[in-house]
>>> print(open('final-v8.tsv').read())   # TSV, C-alpha atoms
chain	number	residue	atom	x	y	z
A	1	MET	CA	0.52	-23.41	-58.39
A	2	THR	CA	-2.79	-22.68	-56.72
A	3	ARG	CA	-3.13	-20.99	-53.38
A	4	ALA	CA	-4.76	-24.05	-51.75
A	5	ARG	CA	-1.83	-26.24	-52.75
A	6	THR	CA	0.69	-23.61	-51.76
A	7	VAL	CA	-0.61	-23.00	-48.25
A	8	ALA	CA	-1.77	-26.51	-47.39
A	9	GLY	CA	1.06	-28.43	-49.05
A	10	GLY	CA	3.83	-25.90	-48.85
A	11	THR	CA	7.48	-26.62	-48.31
A	12	GLY	CA	8.15	-23.78	-45.87
A	13	SER	CA	9.97	-21.69	-48.47
A	14	LEU	CA	9.37	-18.22	-49.83
A	15	ALA	CA	8.31	-19.87	-53.10
A	16	ASP	CA	5.19	-21.14	-51.30
A	17	TYR	CA	3.94	-17.55	-51.37
A	18	LEU	CA	5.66	-16.25	-54.49
A	19	ASP	CA	4.15	-17.76	-57.63
A	20	LYS	CA	6.29	-17.70	-60.78
A	21	ARG	CA	3.69	-15.43	-62.42
A	22	HIS	CA	4.62	-12.75	-59.86
A	23	ILE	CA	8.35	-12.77	-60.59
A	24	HIS	CA	9.39	-9.98	-62.95
A	25	PRO	CA	13.12	-10.11	-63.79
A	26	ARG	CA	12.83	-7.06	-66.08
A	27	ALA	CA	10.06	-4.91	-64.63
A	28	GLN	CA	9.16	-1.74	-66.46
A	29	ALA	CA	7.96	1.14	-64.31
A	30	ALA	CA	8.52	4.88	-64.43
A	31	THR	CA	7.96	5.41	-60.67
A	32	ARG	CA	7.87	3.48	-57.41
A	33	ASP	CA	4.12	4.02	-57.24
A	34	GLU	CA	3.64	2.60	-60.72
A	35	LEU	CA	5.72	-0.45	-59.77
A	36	LEU	CA	3.82	-0.97	-56.51
A	37	GLU	CA	0.44	-0.70	-58.24
A	38	ALA	CA	1.52	-3.12	-60.99
A	39	LEU	CA	2.77	-5.73	-58.50
A	40	ALA	CA	-0.34	-5.36	-56.34
A	41	GLY	CA	-2.51	-5.57	-59.46
A	42	GLY	CA	-0.94	-8.90	-60.31
A	43	LEU	CA	-1.64	-10.22	-56.81
A	44	HIS	CA	-5.22	-8.97	-57.12
A	45	ALA	CA	-5.68	-10.73	-60.47
A	46	ALA	CA	-4.51	-13.96	-58.82
A	47	GLY	CA	-7.06	-13.54	-56.01
A	48	ALA	CA	-4.59	-12.75	-53.23
A	49	LEU	CA	-5.86	-9.19	-52.77
A	50	GLY	CA	-9.48	-8.11	-52.51
A	51	ASP	CA	-8.83	-4.38	-52.66
A	52	VAL	CA	-5.71	-3.18	-54.47
A	53	ARG	CA	-6.10	0.45	-53.40
A	54	ALA	CA	-6.42	-0.41	-49.71
A	55	PHE	CA	-3.39	-2.68	-49.87
A	56	VAL	CA	-1.29	-0.12	-51.73
A	57	ARG	CA	-2.26	2.49	-49.10
A	58	ALA	CA	-1.13	0.10	-46.35
A	59	VAL	CA	2.22	-0.49	-48.08
A	60	ARG	CA	2.76	3.23	-48.64
A	61	LEU	CA	2.03	3.88	-44.96
A	62	ARG	CA	4.63	1.27	-43.98
A	63	MET	CA	7.12	2.80	-46.42
A	64	ALA	CA	6.61	6.21	-44.84
A	65	GLN	CA	7.29	4.81	-41.36
A	66	GLY	CA	10.83	3.67	-42.00
A	67	ALA	CA	13.59	2.43	-44.22
A	68	ASN	CA	12.61	0.11	-47.05
A	69	GLY	CA	15.80	-0.60	-48.90
A	70	PHE	CA	19.24	-1.88	-47.93
A	71	HIS	CA	21.98	-3.41	-50.04
A	72	GLY	CA	19.96	-2.72	-53.21
A	73	ILE	CA	16.93	-4.71	-52.03
A	74	ALA	CA	13.61	-3.26	-50.90
A	75	LEU	CA	11.24	-5.36	-48.80
A	76	LEU	CA	7.78	-3.81	-48.96
A	77	ALA	CA	5.38	-5.55	-46.62
A	78	ALA	CA	1.99	-4.97	-45.10
A	79	ARG	CA	-0.67	-6.86	-43.20
A	80	SER	CA	-4.07	-5.69	-44.30
A	81	ARG	CA	-7.74	-6.62	-44.39
A	82	ALA	CA	-7.40	-6.21	-48.16
A	83	VAL	CA	-5.29	-9.39	-48.32
A	84	ASN	CA	-7.25	-12.59	-48.92
A	85	GLY	CA	-4.26	-14.85	-48.38
A	86	PRO	CA	-0.48	-14.57	-48.02
A	87	ALA	CA	1.29	-13.77	-51.26
A	88	ALA	CA	4.45	-12.15	-52.56
A	89	ALA	CA	5.77	-10.60	-55.74
A	90	PHE	CA	9.27	-9.77	-56.95
A	91	ALA	CA	10.55	-7.24	-59.46
A	92	ARG	CA	14.00	-6.32	-60.70
A	93	VAL	CA	13.73	-2.62	-61.45
A	94	PRO	CA	15.61	-0.54	-64.00
A	95	ALA	CA	18.25	1.89	-62.76
A	96	GLU	CA	16.29	4.69	-64.42
A	97	LEU	CA	13.69	4.36	-61.67
A	98	GLY	CA	16.13	6.22	-59.41
A	99	TRP	CA	15.06	4.46	-56.21
A	100	ARG	CA	17.60	4.87	-53.41
A	101	GLY	CA	17.58	2.77	-50.27
A	102	ALA	CA	18.12	3.94	-46.71
A	103	ASP	CA	21.83	3.19	-47.18
A	104	ASP	CA	21.79	5.48	-50.27
A	105	ARG	CA	22.47	2.55	-52.62
A	106	PRO	CA	20.26	2.18	-55.70
A	107	VAL	CA	17.44	-0.31	-55.20
A	108	ARG	CA	17.54	-2.96	-57.89
A	109	ASP	CA	15.34	-5.72	-56.46
A	110	VAL	CA	11.93	-5.30	-54.84
A	111	PHE	CA	9.90	-7.83	-52.88
A	112	LEU	CA	6.24	-7.05	-52.18
A	113	LEU	CA	5.01	-9.15	-49.26
A	114	ALA	CA	1.30	-9.37	-48.40
A	115	ALA	CA	-0.25	-10.95	-45.32
A	116	PRO	CA	-3.83	-10.89	-44.05
A	117	ARG	CA	-4.56	-8.84	-40.93
A	118	LYS	CA	-5.71	-12.02	-39.15
A	119	LEU	CA	-3.24	-14.79	-39.81
A	120	ARG	CA	-4.52	-18.34	-39.80
A	121	ASP	CA	-1.06	-19.69	-40.54
A	122	ALA	CA	2.10	-17.84	-39.52
A	123	GLY	CA	4.16	-19.63	-42.20
A	124	CYS	CA	4.26	-16.56	-44.40
A	125	VAL	CA	5.60	-14.41	-41.56
A	126	ARG	CA	8.36	-16.96	-40.97
A	127	ALA	CA	9.18	-17.10	-44.70
A	128	TYR	CA	9.25	-13.29	-44.95
A	129	SER	CA	11.48	-13.05	-41.85
A	130	VAL	CA	13.90	-15.57	-43.30
A	131	LEU	CA	13.96	-13.54	-46.53
A	132	ALA	CA	14.87	-10.41	-44.56
A	133	ARG	CA	17.74	-12.26	-42.87
A	134	HIS	CA	18.99	-13.61	-46.22
A	135	THR	CA	19.15	-10.14	-47.75
A	136	ALA	CA	21.73	-9.16	-45.13
A	137	HIS	CA	24.18	-11.79	-46.41
A	138	PRO	CA	26.53	-10.89	-49.29
A	139	GLY	CA	26.42	-14.45	-50.66
A	140	PHE	CA	22.66	-14.35	-51.06
A	141	ARG	CA	22.83	-10.91	-52.66
A	142	ARG	CA	25.37	-12.24	-55.18
A	143	MET	CA	23.12	-15.18	-56.02
A	144	LEU	CA	20.14	-12.85	-56.37
A	145	ALA	CA	22.07	-10.53	-58.70
A	146	ALA	CA	23.24	-13.50	-60.79
A	147	ALA	CA	19.73	-14.90	-61.26
A	148	ARG	CA	18.49	-13.57	-64.60
A	149	THR	CA	15.37	-15.53	-65.52
A	150	THR	CA	12.08	-16.21	-63.80
A	151	ASP	CA	13.09	-19.84	-63.36
A	152	ASP	CA	16.50	-18.91	-61.88
A	153	LEU	CA	14.85	-16.53	-59.42
A	154	TYR	CA	12.13	-19.03	-58.48
A	155	ASP	CA	14.73	-21.73	-57.84
A	156	LEU	CA	16.61	-19.33	-55.56
A	157	PHE	CA	13.40	-18.39	-53.70
A	158	ARG	CA	12.66	-22.10	-53.15
A	159	LEU	CA	15.87	-22.25	-51.09
A	160	ILE	CA	14.72	-19.53	-48.69
A	161	ARG	CA	13.34	-21.52	-45.73
>>> encode(input="final-v8.tsv", output="structure tokens")
Amino acid sequence: MTRARTVAGGTGSLADYLDKRHIHPRAQAATRDELLEALAGGLHAAGALGDVRAFVRAVRLRMAQGANGFHGIALLAARSRAVNGPAAAFARVPAELGWRGADDRPVRDVFLLAAPRKLRDAGCVRAYSVLARHTAHPGFRRMLAAARTTDDLYDLFRLIR
């Protein structure tokens, strides 16, 4: 799915911004920083980010400002000049990473949400807000935990509208 088709012909779901290539059901990372850089690197390779380092700095700044994980799910988001167009990535992280959320539960699933500083279309902000609301619901969290493959996860993300 190309960015032009996603933004112009989108369905209003999270999947409009989260390409299958950026869904990692078995991510391998030794640290949070390594995971963040790998996810951002994938978005950069797809053309969504112009400057990986600037975007990663923006995400780290946001992470330092407040909680970034509840119910085993971390939503890492930033608006930055480094973002060429709205995009997202997802990773299921190994328990060995040792990431604890603000509620002291282990973080298992991570969403990286990127938005340009100047939005031309607020659709991504709506999709990201809906995602945040979904993560508060036990039913969604059960469906997320049950999704094992890239296709399963993508199908679930298509429902987030």
>>> closest_residue(input="final-v8.tsv", among="A:Arg92, A:Arg81, A:Arg105, A:His71", to="Ala132 (chain A)", atoms="only C-alpha atoms")
A:His71
>>> residues_around(input="final-v8.tsv", residues="Leu113 (chain A)", least_positions_apart="4", cutoff="8 Å", atoms="all atoms listed in the file", output="list in words")
Leu75, Leu76, Ala77, Ala78, Pro86, Ala87, Ala88, Ala89 and Tyr128 of chain A
>>> residues_around(input="final-v8.tsv", residues="Val52 (chain A)", least_positions_apart="4", cutoff="12 Å", atoms="all atoms listed in the file", output="PyMOL selection string")
chain A and resi 36-48+56-59+80-84+114
>>> atom_distance(input="final-v8.tsv", atom1="CA of Ala15 (chain A)", atom2="CA of Lys118 (chain A)")
21.3 Å
>>> residues_around(input="final-v8.tsv", residues="His137 (chain A)", least_positions_apart="5", cutoff="12 Å", atoms="all atoms listed in the file", output="ChimeraX atom specification")
/A:70-71,73,130-132,142-144
